[in-house]
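Printed here is run08.txt (compact mmCIF, C-alpha atoms and all ligand atoms):
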# COMPACT_ATOMS: atom_id res chain seq x y z
CA MET A 1 8.00 9.02 12.77
CA ALA A 2 10.44 10.78 10.40
CA ALA A 3 13.42 8.46 10.91
CA PRO A 4 15.57 8.53 7.75
CA LEU A 5 14.62 5.83 5.25
CA GLY A 6 17.27 3.72 3.53
CA ARG A 7 18.00 2.99 -0.10
CA GLY A 8 14.86 1.16 -1.27
CA GLN A 9 11.83 2.87 -2.75
CA VAL A 10 8.60 3.24 -0.75
CA TYR A 11 5.34 2.68 -2.67
CA VAL A 12 2.01 3.62 -1.11
CA ILE A 13 -1.23 2.20 -2.50
CA SER A 14 -4.60 3.52 -1.34
CA ALA A 15 -8.17 2.90 -2.45
CA PRO A 16 -11.63 2.87 -0.94
CA SER A 17 -12.53 -0.47 0.59
CA GLY A 18 -13.76 -2.97 -2.03
CA VAL A 19 -12.06 -1.43 -5.09
CA GLY A 20 -9.82 -4.49 -5.42
CA LYS A 21 -6.55 -3.30 -3.90
CA THR A 22 -5.80 -6.59 -2.13
CA THR A 23 -6.61 -8.57 -5.27
CA LEU A 24 -4.35 -6.37 -7.41
CA ILE A 25 -1.47 -6.44 -4.94
CA GLY A 26 -1.71 -10.24 -4.76
CA ARG A 27 -1.43 -10.40 -8.55
CA ILE A 28 1.62 -8.19 -8.93
CA LEU A 29 3.70 -9.24 -5.92
CA THR A 30 4.56 -12.63 -7.40
CA LYS A 31 5.98 -10.81 -10.45
CA LEU A 32 8.06 -8.27 -8.53
CA PRO A 33 10.67 -10.17 -6.52
CA PHE A 34 12.43 -6.94 -5.51
CA VAL A 35 9.33 -5.70 -3.60
CA ARG A 36 8.49 -6.52 0.03
CA TYR A 37 4.88 -6.15 1.20
CA SER A 38 4.47 -4.58 4.62
CA VAL A 39 1.89 -6.55 6.63
CA SER A 40 0.00 -3.96 8.67
CA CYS A 41 -1.13 -4.16 12.27
CA THR A 42 -4.84 -3.73 12.99
CA THR A 43 -7.36 -4.01 15.79
CA ARG A 44 -10.17 -5.09 13.46
CA PRO A 45 -11.16 -8.75 13.81
CA PRO A 46 -9.88 -11.19 11.16
CA ARG A 47 -12.24 -11.94 8.25
CA SER A 48 -12.86 -15.55 7.39
CA GLY A 49 -9.96 -16.75 5.26
CA GLU A 50 -7.49 -14.17 6.62
CA THR A 51 -4.27 -15.50 8.10
CA PRO A 52 -2.60 -13.69 11.03
CA GLY A 53 0.88 -12.52 10.04
CA LYS A 54 0.08 -12.81 6.32
CA ASP A 55 -2.92 -10.51 5.86
CA TYR A 56 -2.52 -8.51 9.07
CA HIS A 57 -0.96 -8.67 12.50
CA PHE A 58 -4.14 -8.69 14.60
CA LEU A 59 -3.58 -6.76 17.82
CA SER A 60 -5.84 -5.85 20.75
CA ARG A 61 -6.59 -2.14 21.21
CA GLU A 62 -4.31 -2.16 24.28
CA GLU A 63 -1.40 -3.66 22.32
CA PHE A 64 -1.91 -1.16 19.51
CA GLN A 65 -2.08 1.83 21.86
CA ARG A 66 1.07 0.62 23.62
CA GLY A 67 2.74 0.41 20.18
CA ILE A 68 1.77 4.04 19.48
CA GLY A 69 3.30 5.10 22.81
CA GLU A 70 6.49 3.21 22.04
CA GLY A 71 6.82 4.81 18.57
CA ARG A 72 6.43 1.41 16.89
CA PHE A 73 4.54 2.72 13.85
CA LEU A 74 5.88 4.53 10.80
CA GLU A 75 2.30 5.77 10.38
CA TRP A 76 -1.02 4.85 11.91
CA ALA A 77 -4.67 5.89 11.65
CA VAL A 78 -8.17 5.04 12.80
CA VAL A 79 -10.06 3.70 9.77
CA HIS A 80 -13.68 2.49 9.93
CA ASP A 81 -13.46 2.50 13.77
CA ALA A 82 -10.35 0.29 14.03
CA TYR A 83 -6.66 1.13 14.42
CA TYR A 84 -4.34 0.36 11.49
CA GLY A 85 -0.58 0.96 11.41
CA THR A 86 2.71 0.16 9.67
CA ASP A 87 5.51 -1.45 11.67
CA GLY A 88 8.39 1.03 11.33
CA ASP A 89 11.36 -1.16 12.33
CA LEU A 90 10.75 -3.82 9.71
CA VAL A 91 10.09 -1.35 6.89
CA ASN A 92 13.23 0.64 7.69
CA ARG A 93 15.32 -2.54 7.82
CA TRP A 94 14.04 -3.64 4.40
CA LEU A 95 14.75 -0.21 2.92
CA GLN A 96 18.26 -0.16 4.36
CA ASP A 97 18.83 -3.57 2.78
CA GLY A 98 17.76 -2.15 -0.60
CA TRP A 99 14.30 -3.73 -0.93
CA ASP A 100 11.44 -1.72 -2.38
CA VAL A 101 8.55 -1.69 0.09
CA LEU A 102 4.84 -1.62 -0.66
CA LEU A 103 2.46 -0.12 1.89
CA ASP A 104 -1.29 -0.76 1.48
CA ILE A 105 -2.60 2.06 3.66
CA ASP A 106 -5.51 4.49 3.84
CA VAL A 107 -5.46 8.14 2.80
CA GLN A 108 -4.60 9.41 6.30
CA GLY A 109 -1.59 7.11 6.54
CA ALA A 110 -0.55 8.06 3.01
CA ARG A 111 -0.52 11.74 4.00
CA GLN A 112 1.77 10.94 6.93
CA ILE A 113 4.18 9.01 4.69
CA ARG A 114 4.14 11.77 2.02
CA CYS A 115 4.95 14.48 4.60
CA ALA A 116 7.70 12.56 6.35
CA HIS A 117 9.13 10.90 3.22
CA PRO A 118 8.37 12.97 0.11
CA GLN A 119 10.37 10.59 -2.11
CA SER A 120 7.69 7.90 -1.70
CA LEU A 121 5.57 7.06 -4.77
CA ASN A 122 1.83 7.17 -4.16
CA ILE A 123 -0.71 5.22 -6.22
CA PHE A 124 -4.49 5.59 -5.90
CA ILE A 125 -6.87 2.90 -7.23
CA LEU A 126 -10.31 4.07 -8.37
CA PRO A 127 -13.39 1.92 -8.99
CA PRO A 128 -15.02 2.26 -12.42
CA SER A 129 -18.07 3.78 -10.62
CA MET A 130 -19.73 3.92 -7.19
CA GLU A 131 -22.26 1.32 -8.39
CA VAL A 132 -19.50 -1.14 -9.26
CA LEU A 133 -17.80 -0.46 -5.92
CA GLU A 134 -21.02 -1.29 -4.06
CA GLU A 135 -21.46 -4.48 -6.11
CA ARG A 136 -17.90 -5.61 -5.32
CA LEU A 137 -18.31 -4.99 -1.61
CA LEU A 138 -21.65 -6.82 -1.61
CA ARG A 139 -20.21 -9.75 -3.56
CA ARG A 140 -17.21 -10.00 -1.22
CA GLY A 141 -19.73 -10.37 1.61
CA THR A 142 -17.29 -9.69 4.46
CA GLU A 143 -19.06 -6.67 5.99
CA SER A 144 -22.40 -6.33 7.78
CA ALA A 145 -25.02 -4.08 6.11
CA GLU A 146 -24.10 -1.30 8.57
CA GLN A 147 -20.33 -1.62 7.96
CA LEU A 148 -20.91 -1.73 4.22
CA LYS A 149 -22.90 1.53 4.37
CA ARG A 150 -20.13 3.15 6.39
CA ARG A 151 -17.40 2.01 3.96
CA LEU A 152 -19.35 3.31 0.97
CA ALA A 153 -19.97 6.66 2.65
CA ALA A 154 -16.24 6.95 3.41
CA ALA A 155 -15.34 6.11 -0.20
CA ARG A 156 -16.30 9.54 -1.58
CA ASP A 157 -14.13 11.35 1.00
CA GLU A 158 -11.23 9.01 0.25
CA ILE A 159 -11.55 9.60 -3.50
CA MET A 160 -11.27 13.36 -2.85
CA GLU A 161 -7.64 12.63 -1.88
CA ALA A 162 -6.79 11.02 -5.22
CA PRO A 163 -5.33 14.23 -6.76
CA TRP A 164 -2.55 14.15 -4.14
CA TYR A 165 -1.25 10.85 -5.49
CA ASP A 166 1.44 10.44 -8.18
CA PHE A 167 -0.51 7.78 -10.12
CA ILE A 168 -4.20 6.95 -10.53
CA ILE A 169 -5.34 3.56 -11.84
CA VAL A 170 -8.94 2.54 -12.55
CA ASN A 171 -9.57 -1.08 -11.57
CA ASP A 172 -12.11 -1.97 -14.24
CA LEU A 173 -10.65 -5.00 -16.04
CA LEU A 174 -8.46 -6.74 -13.49
CA HIS A 175 -5.71 -7.83 -15.89
CA GLU A 176 -5.37 -4.28 -17.31
CA ALA A 177 -5.25 -2.64 -13.89
CA ALA A 178 -2.68 -5.21 -12.72
CA ALA A 179 -0.54 -4.52 -15.81
CA ASP A 180 -0.73 -0.75 -15.18
CA LEU A 181 0.26 -1.22 -11.57
CA GLU A 182 3.14 -3.56 -12.36
CA SER A 183 4.42 -1.14 -15.01
CA ILE A 184 4.82 1.63 -12.41
CA PHE A 185 7.15 -0.52 -10.32
CA ARG A 186 9.10 -1.67 -13.37
CA ALA A 187 9.45 1.82 -14.86
CA GLN A 188 10.66 3.25 -11.57
CA ARG A 189 13.27 0.49 -11.37
CA CYS A 190 14.62 1.64 -14.79
CA ARG A 191 15.07 5.27 -13.72
CA ARG A 192 18.57 6.65 -14.31
CA PHE A 193 19.35 7.06 -10.62
CA CYS A 194 18.48 3.39 -9.98
CA GLN A 195 20.59 2.09 -12.86
CA SER A 196 23.56 4.48 -13.03
CA TRP A 197 25.82 1.91 -11.33
CA ARG A 198 25.33 -0.27 -14.42
CA VAL A 199 26.69 2.47 -16.67
CA ALA A 200 29.85 3.08 -14.65
CA PRO A 201 31.78 -0.02 -15.81
CA PHE A 202 31.40 1.12 -19.43
CA LEU A 203 32.93 4.50 -18.60
CA THR A 204 36.19 3.25 -17.09
CA PRO A 205 39.24 3.76 -19.34
CA ASP A 206 39.94 0.83 -21.62
CA ASP A 207 43.60 -0.22 -21.02
CA ARG A 208 43.78 -2.95 -23.68
P1 LIG A 301 -9.99 -4.13 -1.30
O1 LIG A 301 -8.74 -4.81 -0.87
O2 LIG A 301 -9.76 -2.92 -2.12
O3 LIG A 301 -10.94 -3.88 -0.16
P2 LIG A 301 -10.63 -6.68 -2.61
O4 LIG A 301 -9.34 -6.98 -3.29
O5 LIG A 301 -10.98 -7.47 -1.40
O6 LIG A 301 -10.77 -5.10 -2.31
O7 LIG A 301 -11.76 -6.85 -3.75
C1 LIG A 301 -13.14 -6.66 -3.45
C2 LIG A 301 -13.95 -7.66 -4.30
O8 LIG A 301 -13.90 -7.25 -5.68
C3 LIG A 301 -13.41 -9.07 -4.25
O9 LIG A 301 -14.52 -9.98 -4.23
C4 LIG A 301 -12.59 -9.20 -5.56
O10 LIG A 301 -12.58 -10.54 -6.03
C5 LIG A 301 -13.40 -8.31 -6.50
N1 LIG A 301 -12.59 -7.65 -7.56
C6 LIG A 301 -11.38 -7.06 -7.44
N2 LIG A 301 -10.98 -6.51 -8.62
C7 LIG A 301 -11.96 -6.77 -9.50
C8 LIG A 301 -12.15 -6.45 -10.90
N3 LIG A 301 -11.26 -5.76 -11.62
N4 LIG A 301 -13.31 -6.87 -11.48
C9 LIG A 301 -14.24 -7.56 -10.77
N5 LIG A 301 -14.13 -7.88 -9.46
C10 LIG A 301 -13.01 -7.49 -8.83
P1 LIG A 302 -9.57 -3.50 5.45
O1 LIG A 302 -10.20 -3.53 6.82
O2 LIG A 302 -10.61 -3.49 4.35
O3 LIG A 302 -8.51 -4.56 5.27
O4 LIG A 302 -8.79 -2.10 5.34
C1 LIG A 302 -9.47 -0.92 5.58
C2 LIG A 302 -8.58 0.25 5.21
O5 LIG A 302 -7.45 0.31 6.07
C3 LIG A 302 -8.02 0.18 3.79
O6 LIG A 302 -8.15 1.49 3.22
C4 LIG A 302 -6.57 -0.14 3.99
O7 LIG A 302 -5.73 0.39 2.98
C5 LIG A 302 -6.30 0.57 5.31
N1 LIG A 302 -5.09 0.08 5.96
C6 LIG A 302 -4.60 -1.18 5.99
N2 LIG A 302 -3.44 -1.22 6.66
C7 LIG A 302 -3.17 0.05 7.04
C8 LIG A 302 -2.09 0.66 7.75
O8 LIG A 302 -1.11 0.04 8.16
N3 LIG A 302 -2.16 2.00 7.96
C9 LIG A 302 -3.22 2.74 7.53
N4 LIG A 302 -3.18 4.06 7.76
N5 LIG A 302 -4.25 2.21 6.86
C10 LIG A 302 -4.23 0.87 6.62
Could you rewrite the structure in this file as structure tokens?
Ligand code: ADP
Ligand code: 5GP
Amino acid sequence: MAAPLGRGQVYVISAPSGVGKTTLIGRILTKLPFVRYSVSCTTRPPRSGETPGKDYHFLSREEFQRGIGEGRFLEWAVVHDAYYGTDGDLVNRWLQDGWDVLLDIDVQGARQIRCAHPQSLNIFILPPSMEVLEERLLRRGTESAEQLKRRLAAARDEIMEAPWYDFIIVNDLLHEAAADLESIFRAQRCRRFCQSWRVAPFLTPDDR
């Protein structure tokens, strides 16, 4: 699990289900051509409108468990009774090639990434309130009443993990939250250690 990562930057985004993480990520990815989104593997069934290979790689429990045995996942966890995991080979290849990589993973997976790769940047998305979170989940209408109750109950425990993250964004007004999120990626890209190669040519002796 702790294979050395390459040159790109790893970003982890977590949020309780229904906060708007998928919506936000969809908004910013088109504006950040240097970022690759890691499509996770899961054993949960596809929701209507989800496309295999784009939203998730949908695996059977047997396939997923075989993947765990083979060390396929950079991190994995059981979330809301299903397995979820990040394909390690692809992410490592992207990082080696210099891409930044965005992982949309739960708080358990984020802990694994933080321990193994402390240079990762972790972003937590909060809802404006529990009431708004419930409204959003209800309006999305993708969960049964029982699943919805379970996701809301889990939300409080997940939010307890927020202080471990580097950045916290409240997804109240979508355009503001998207701008905040995008600015983290852009600011990181401007850090001295990312841009020092641009300074070097100006420092070479001028032989005119
Ligand atoms: P998540 O990926 O965190 O589970 P989604 O992106 O599926 O959440 O969003 C849950 C629901 O909330 C969707 O119906 C989405 O359109 C809506 N939503 C997301 N962000 C906002 C926002 N800032 N204001 C209002 N509704 C939002
Ligand atoms: P959903 O079923 O709503 O798409 O996702 C449920 C939860 O699983 C979300 O918190 C989401 O971030 C998390 N998740 C999605 N992919 C992964 C993954 O690869 N690893 C882990 N640990 N969690 C994931």
Write out as a count of residues only each polymer residue (protein, DNA or RNA) that has an atom no more than 10 Å from ligand LIG 302 (chain A), with only C-alpha atoms and all ligand atoms counted. 58
Draw an axis-aligned box over all listed atoms of range 172-191 of chain A, pad each side with 4 Å, and write its centre and edge lengths in Å, one decimal, as AutoDock Vina command-line options.
--center_x 1.5 --center_y -1.3 --center_z -13.8 --size_x 35.2 --size_y 21.1 --size_z 15.0
Residue with smallest distance to ligand LIG 301 (chain A) - pool A:Pro163, A:Pro201, A:Gly71, A:Gly26, counting all atoms listed in the file: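 Checking each candidate against ligand LIG 301 (chain A), we get A:Gly26 as the closest.
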A:Asn171, A:Ser144, A:Gln188, A:Gln96: which is nearest ligand LIG 301 (chain A), counting all atoms listed in the file?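 With all atoms listed in the file as the atom set, the closest residue is A:Asn171.
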Between A:Arg93, A:Arg140, A:Val101, A:Gln119, which one has atoms that come closest to Gly49 in chain A, using only C-alpha atoms?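 Using only C-alpha atoms, Gly49 in chain A sits closest to A:Arg140.
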